[in-house]
$ cat data_12.cif   # mmCIF, C-alpha atoms and all ligand atoms
data_run
loop_
_atom_site.label_atom_id
_atom_site.label_comp_id
_atom_site.auth_asym_id
_atom_site.auth_seq_id
_atom_site.Cartn_x
_atom_site.Cartn_y
_atom_site.Cartn_z
CA MET A 1 192.45 84.66 42.73
CA SER A 2 190.54 81.73 41.36
CA PHE A 3 187.96 79.57 42.95
CA THR A 4 187.39 75.94 42.39
CA LEU A 5 184.07 75.18 43.90
CA GLN A 6 184.18 71.58 45.00
CA ASP A 7 181.68 69.95 47.28
CA ASP A 8 182.40 67.11 49.72
CA SER A 9 181.46 64.45 47.28
CA GLU A 10 183.81 65.83 44.59
CA VAL A 11 186.65 66.18 47.06
CA TRP A 12 186.17 62.60 48.20
CA PHE A 13 186.06 61.09 44.71
CA SER A 14 188.99 63.21 43.49
CA ASP A 15 191.13 62.08 46.39
CA ILE A 16 190.24 58.43 45.79
CA LEU A 17 190.89 58.58 42.05
CA GLU A 18 194.21 60.32 42.57
CA ASN A 19 195.56 58.61 45.67
CA HIS A 20 193.69 55.41 46.47
CA TYR A 21 192.63 54.10 43.13
CA GLU A 22 193.76 50.48 43.30
CA GLU A 23 192.19 49.94 46.69
CA ALA A 24 188.93 51.53 45.55
CA ARG A 25 188.89 49.53 42.34
CA SER A 26 189.26 46.19 44.09
CA ARG A 27 186.53 47.25 46.50
CA ALA A 28 184.20 48.14 43.64
CA LEU A 29 184.93 44.88 41.81
CA SER A 30 184.30 42.80 44.90
CA ALA A 31 180.94 44.54 45.50
CA LEU A 32 180.10 43.88 41.86
CA GLY A 33 181.14 40.23 42.22
CA GLN A 34 178.62 39.71 45.00
CA GLY A 35 175.73 40.68 42.73
CA GLN A 36 173.58 38.30 40.76
CA LYS A 37 173.01 38.70 37.05
CA THR A 38 169.38 38.78 35.93
CA ASP A 39 168.05 37.88 32.48
CA THR A 40 167.83 41.59 31.61
CA GLY A 41 171.58 41.89 32.20
CA CYS A 42 171.18 43.75 35.45
CA ILE A 43 173.46 42.86 38.32
CA VAL A 44 171.46 43.09 41.51
CA THR A 45 172.44 42.72 45.12
CA PRO A 46 170.74 39.97 47.11
CA THR A 47 169.26 42.31 49.72
CA ARG A 48 166.20 44.42 49.14
CA ALA A 49 167.80 47.53 50.60
CA ARG A 50 170.24 49.44 48.42
CA ARG A 51 173.69 48.22 49.19
CA LYS A 52 176.09 50.74 50.67
CA VAL A 53 179.84 50.91 50.44
CA ARG A 54 181.92 52.52 53.14
CA PHE A 55 185.31 53.75 52.02
CA ARG A 56 187.75 56.19 53.55
CA GLY A 57 185.36 57.73 56.06
CA ARG A 58 182.38 58.11 53.82
CA GLN A 59 179.43 55.95 52.91
CA THR A 60 177.69 55.95 49.58
CA THR A 61 175.43 53.65 47.60
CA ALA A 62 177.20 50.74 45.95
CA TYR A 63 176.07 51.67 42.44
CA ARG A 64 177.37 55.22 42.78
CA PHE A 65 180.68 53.97 44.11
CA ILE A 66 181.03 51.29 41.44
CA TYR A 67 180.12 53.62 38.58
CA CYS A 68 182.40 56.45 39.65
CA ILE A 69 185.39 54.27 40.42
CA LEU A 70 185.22 52.02 37.39
CA THR A 71 184.64 54.89 34.96
CA ARG A 72 186.99 57.23 36.88
CA THR A 73 184.25 59.81 37.27
CA VAL A 74 184.17 62.48 39.95
CA ALA A 75 180.55 62.94 40.98
CA GLY A 76 179.52 66.04 42.89
CA TYR A 77 176.61 66.48 45.23
CA ASP A 78 174.31 67.50 42.38
CA ASP A 79 175.31 64.64 40.15
CA VAL A 80 173.15 61.58 40.33
CA ILE A 81 173.98 58.19 38.94
CA ARG A 82 171.06 57.19 36.78
CA HIS A 83 169.82 53.70 36.08
CA ARG A 84 169.25 53.38 32.34
CA CYS A 85 167.54 50.05 33.08
CA HIS A 86 165.20 51.62 35.69
CA ASN A 87 166.13 48.97 38.20
CA PRO A 88 167.18 50.82 41.36
CA ARG A 89 168.91 47.72 42.73
CA CYS A 90 171.11 47.30 39.67
CA ILE A 91 174.85 47.90 40.13
CA ASN A 92 175.96 47.00 36.60
CA PRO A 93 178.13 49.97 35.53
CA GLU A 94 177.06 49.41 31.91
CA HIS A 95 173.50 50.24 32.92
CA LEU A 96 174.47 53.40 34.73
CA GLU A 97 175.23 56.92 33.63
CA ILE A 98 175.80 60.23 35.29
CA GLY A 99 173.27 63.04 35.13
CA THR A 100 171.79 65.86 37.13
CA ARG A 101 168.94 65.63 39.58
CA ALA A 102 166.71 67.25 36.98
CA ASP A 103 167.63 64.56 34.40
CA ASN A 104 166.74 61.90 36.88
CA LYS A 105 163.28 63.36 37.29
CA HIS A 106 162.82 63.40 33.53
CA ASP A 107 163.83 59.74 33.39
CA ASP A 108 160.96 58.93 35.70
CA TRP A 109 158.56 60.81 33.45
CA ASP A 110 159.92 59.16 30.31
CA TYR A 111 159.69 55.79 31.93
CA ALA A 112 156.09 56.37 32.91
CA ALA A 113 155.30 57.47 29.36
CA TYR A 114 157.27 55.00 27.26
CA GLY A 115 158.14 51.99 29.38
CA VAL A 116 161.50 50.27 29.32
CA ASP A 117 164.60 51.33 27.44
CA PHE A 118 164.67 48.63 24.76
CA ASP A 119 168.27 49.34 23.83
CA LEU A 120 169.26 47.54 26.99
CA LEU A 121 167.38 44.30 26.42
ZN ZN B 1 170.45 47.16 35.14
#
$ encode --input "data_12.cif" --output "structure tokens" --more "lines below"
Ligand SMILES: [Zn+2]
Amino acid sequence: MSFTLQDDSEVWFSDILENHYEEARSRALSALGQGQKTDTGCIVTPTRARRKVRFRGRQTTAYRFIYCILTRTVAGYDDVIRHRCHNPRCINPEHLEIGTRADNKHDDWDYAAYGVDFDLL
């Protein structure tokens, strides 16, 4: 007997990537299209609050949805989508990467110590 230990988030993304990909992709692209590009290359949403996307019975942040769908990544509960540009409102998938909660904490420390990631400018 073998176990595959999948959490809710993984189950949801797997189902979308396998069975509802085109619908999810157009949803992600339309959310992205509503953003505004800044001079650092970030794409930010006009509202101050983090934009959410509701899809197939579940709600998640727009940047997580956009990143996972456009890069075909299944993110589990413990996976966080990190902002390489340190702009929490940014939804540009090129500025995002997947990591663990522990990585995310380290990013904050690195940011405090070294400032911006100059590769992105
Ligand atoms: Zn950005």
$ residues_around --input "data_12.cif" --residues "Thr45 of chain A" --least-positions-apart "5" --cutoff "9 Å" --atoms "all atoms listed in the file" --output "ChimeraX atom specification"
/A:31-32,34-36,50-51,89-91
$ write_last_selection --input "data_12.cif" --atoms "C-alpha atoms" --output "tab-separated table (two decimals), keeping the file's coordinate frame"
chain	number	residue	atom	x	y	z
A	31	ALA	CA	180.94	44.54	45.50
A	32	LEU	CA	180.10	43.88	41.86
A	34	GLN	CA	178.62	39.71	45.00
A	35	GLY	CA	175.73	40.68	42.73
A	36	GLN	CA	173.58	38.30	40.76
A	50	ARG	CA	170.24	49.44	48.42
A	51	ARG	CA	173.69	48.22	49.19
A	89	ARG	CA	168.91	47.72	42.73
A	90	CYS	CA	171.11	47.30	39.67
A	91	ILE	CA	174.85	47.90	40.13
$ residues_around --input "data_12.cif" --residues "Gly57 of chain A" --least-positions-apart "6" --cutoff "12 Å" --atoms "only C-alpha atoms" --output "JSON, numbers by chain"
{"A": [8, 9, 12, 13, 16]}
$ residues_near_ligand --input "data_12.cif" --ligand "ligand ZN 1 (chain B)" --cutoff "8 Å" --atoms "all atoms listed in the file" --output "list in words"
Thr40, Gly41, Cys42, Ile43, Val44, His83, Arg84, Cys85, His86, Asn87, Pro88, Arg89, Cys90, Ile91, Asn92, Glu94, His95 and Leu96 of chain A
$ residues_around --input "data_12.cif" --residues "Asp15 of chain A" --least-positions-apart "4" --cutoff "12 Å" --atoms "all atoms listed in the file" --output "ChimeraX atom specification"
/A:6,8-11,19-21,24,55-56,69,72-75
$ atom_distance --input "data_12.cif" --atom1 "atom CA of Thr100 of chain A" --atom2 "atom CA of Gly76 of chain A"
9.6 Å
$ atom_distance --input "data_12.cif" --atom1 "atom CA of Arg82 of chain A" --atom2 "atom CA of Ala102 of chain A"
11.0 Å
$ closest_residue --input "data_12.cif" --among "A:Thr38, A:Ile81, A:Asp103, A:Ser14" --to "Ala62 of chain A" --atoms "all atoms listed in the file"
A:Ile81
$ closest_residue --input "data_12.cif" --among "A:Leu5, A:Arg101, A:Ala49, A:Arg54" --to "Ile66 of chain A" --atoms "only C-alpha atoms"
A:Arg54
$ atom_distance --input "data_12.cif" --atom1 "atom CA of Arg58 of chain A" --atom2 "atom CA of Ser30 of chain A"
17.8 Å
$ closest_residue --input "data_12.cif" --among "A:Tyr77, A:Lys105, A:Phe65, A:Thr71" --to "Ala28 of chain A" --atoms "all atoms listed in the file"
A:Phe65
$ decode --input "data_12.cif" --residues "segment 38-57 of chain A" --atoms "N, CA and C atoms" --output "mmCIF file, in the first residue's frame"
data_model
loop_
_atom_site.group_PDB
_atom_site.id
_atom_site.type_symbol
_atom_site.label_atom_id
_atom_site.label_comp_id
_atom_site.auth_asym_id
_atom_site.auth_seq_id
_atom_site.Cartn_x
_atom_site.Cartn_y
_atom_site.Cartn_z
ATOM 1 N N THR A 38 4.810 48.883 -13.079
ATOM 2 C CA THR A 38 5.555 49.971 -12.440
ATOM 3 C C THR A 38 6.928 50.078 -13.096
ATOM 4 N N ASP A 39 7.694 51.116 -12.743
ATOM 5 C CA ASP A 39 9.002 51.263 -13.400
ATOM 6 C C ASP A 39 10.028 50.245 -12.901
ATOM 7 N N THR A 40 9.716 49.470 -11.866
ATOM 8 C CA THR A 40 10.607 48.373 -11.484
ATOM 9 C C THR A 40 10.198 47.072 -12.172
ATOM 10 N N GLY A 41 9.191 47.134 -13.040
ATOM 11 C CA GLY A 41 8.771 45.927 -13.745
ATOM 12 C C GLY A 41 7.732 45.115 -13.000
ATOM 13 N N CYS A 42 7.368 45.575 -11.827
ATOM 14 C CA CYS A 42 6.314 44.896 -11.085
ATOM 15 C C CYS A 42 4.970 45.143 -11.773
ATOM 16 N N ILE A 43 4.070 44.213 -11.612
ATOM 17 C CA ILE A 43 2.704 44.431 -12.058
ATOM 18 C C ILE A 43 1.857 44.410 -10.787
ATOM 19 N N VAL A 44 1.287 45.558 -10.467
ATOM 20 C CA VAL A 44 0.557 45.660 -9.209
ATOM 21 C C VAL A 44 -0.930 45.881 -9.466
ATOM 22 N N THR A 45 -1.714 45.419 -8.536
ATOM 23 C CA THR A 45 -3.153 45.603 -8.655
ATOM 24 C C THR A 45 -3.512 46.969 -8.081
ATOM 25 N N PRO A 46 -4.564 47.585 -8.595
ATOM 26 C CA PRO A 46 -4.896 48.954 -8.199
ATOM 27 C C PRO A 46 -5.335 49.088 -6.732
ATOM 28 N N THR A 47 -5.829 48.033 -6.136
ATOM 29 C CA THR A 47 -6.285 48.148 -4.748
ATOM 30 C C THR A 47 -5.143 47.884 -3.781
ATOM 31 N N ARG A 48 -5.264 48.423 -2.593
ATOM 32 C CA ARG A 48 -4.233 48.255 -1.594
ATOM 33 C C ARG A 48 -4.237 46.826 -1.037
ATOM 34 N N ALA A 49 -5.421 46.286 -0.889
ATOM 35 C CA ALA A 49 -5.535 44.920 -0.374
ATOM 36 C C ALA A 49 -5.019 43.942 -1.426
ATOM 37 N N ARG A 50 -4.493 42.814 -0.968
ATOM 38 C CA ARG A 50 -4.060 41.784 -1.907
ATOM 39 C C ARG A 50 -5.251 41.235 -2.646
ATOM 40 N N ARG A 51 -5.159 41.219 -3.944
ATOM 41 C CA ARG A 51 -6.243 40.741 -4.759
ATOM 42 C C ARG A 51 -6.421 39.234 -4.594
ATOM 43 N N LYS A 52 -7.670 38.819 -4.551
ATOM 44 C CA LYS A 52 -7.963 37.388 -4.436
ATOM 45 C C LYS A 52 -8.595 36.898 -5.724
ATOM 46 N N VAL A 53 -8.421 35.629 -5.979
ATOM 47 C CA VAL A 53 -9.080 34.992 -7.111
ATOM 48 C C VAL A 53 -9.892 33.827 -6.563
ATOM 49 N N ARG A 54 -11.140 33.769 -6.977
ATOM 50 C CA ARG A 54 -11.971 32.639 -6.583
ATOM 51 C C ARG A 54 -12.136 31.749 -7.806
ATOM 52 N N PHE A 55 -11.876 30.478 -7.627
ATOM 53 C CA PHE A 55 -11.943 29.551 -8.759
ATOM 54 C C PHE A 55 -12.313 28.172 -8.251
ATOM 55 N N ARG A 56 -13.312 27.590 -8.842
ATOM 56 C CA ARG A 56 -13.741 26.246 -8.489
ATOM 57 C C ARG A 56 -13.804 25.999 -6.979
ATOM 58 N N GLY A 57 -14.561 26.852 -6.301
ATOM 59 C CA GLY A 57 -14.862 26.614 -4.891
ATOM 60 C C GLY A 57 -13.784 26.986 -3.906
#
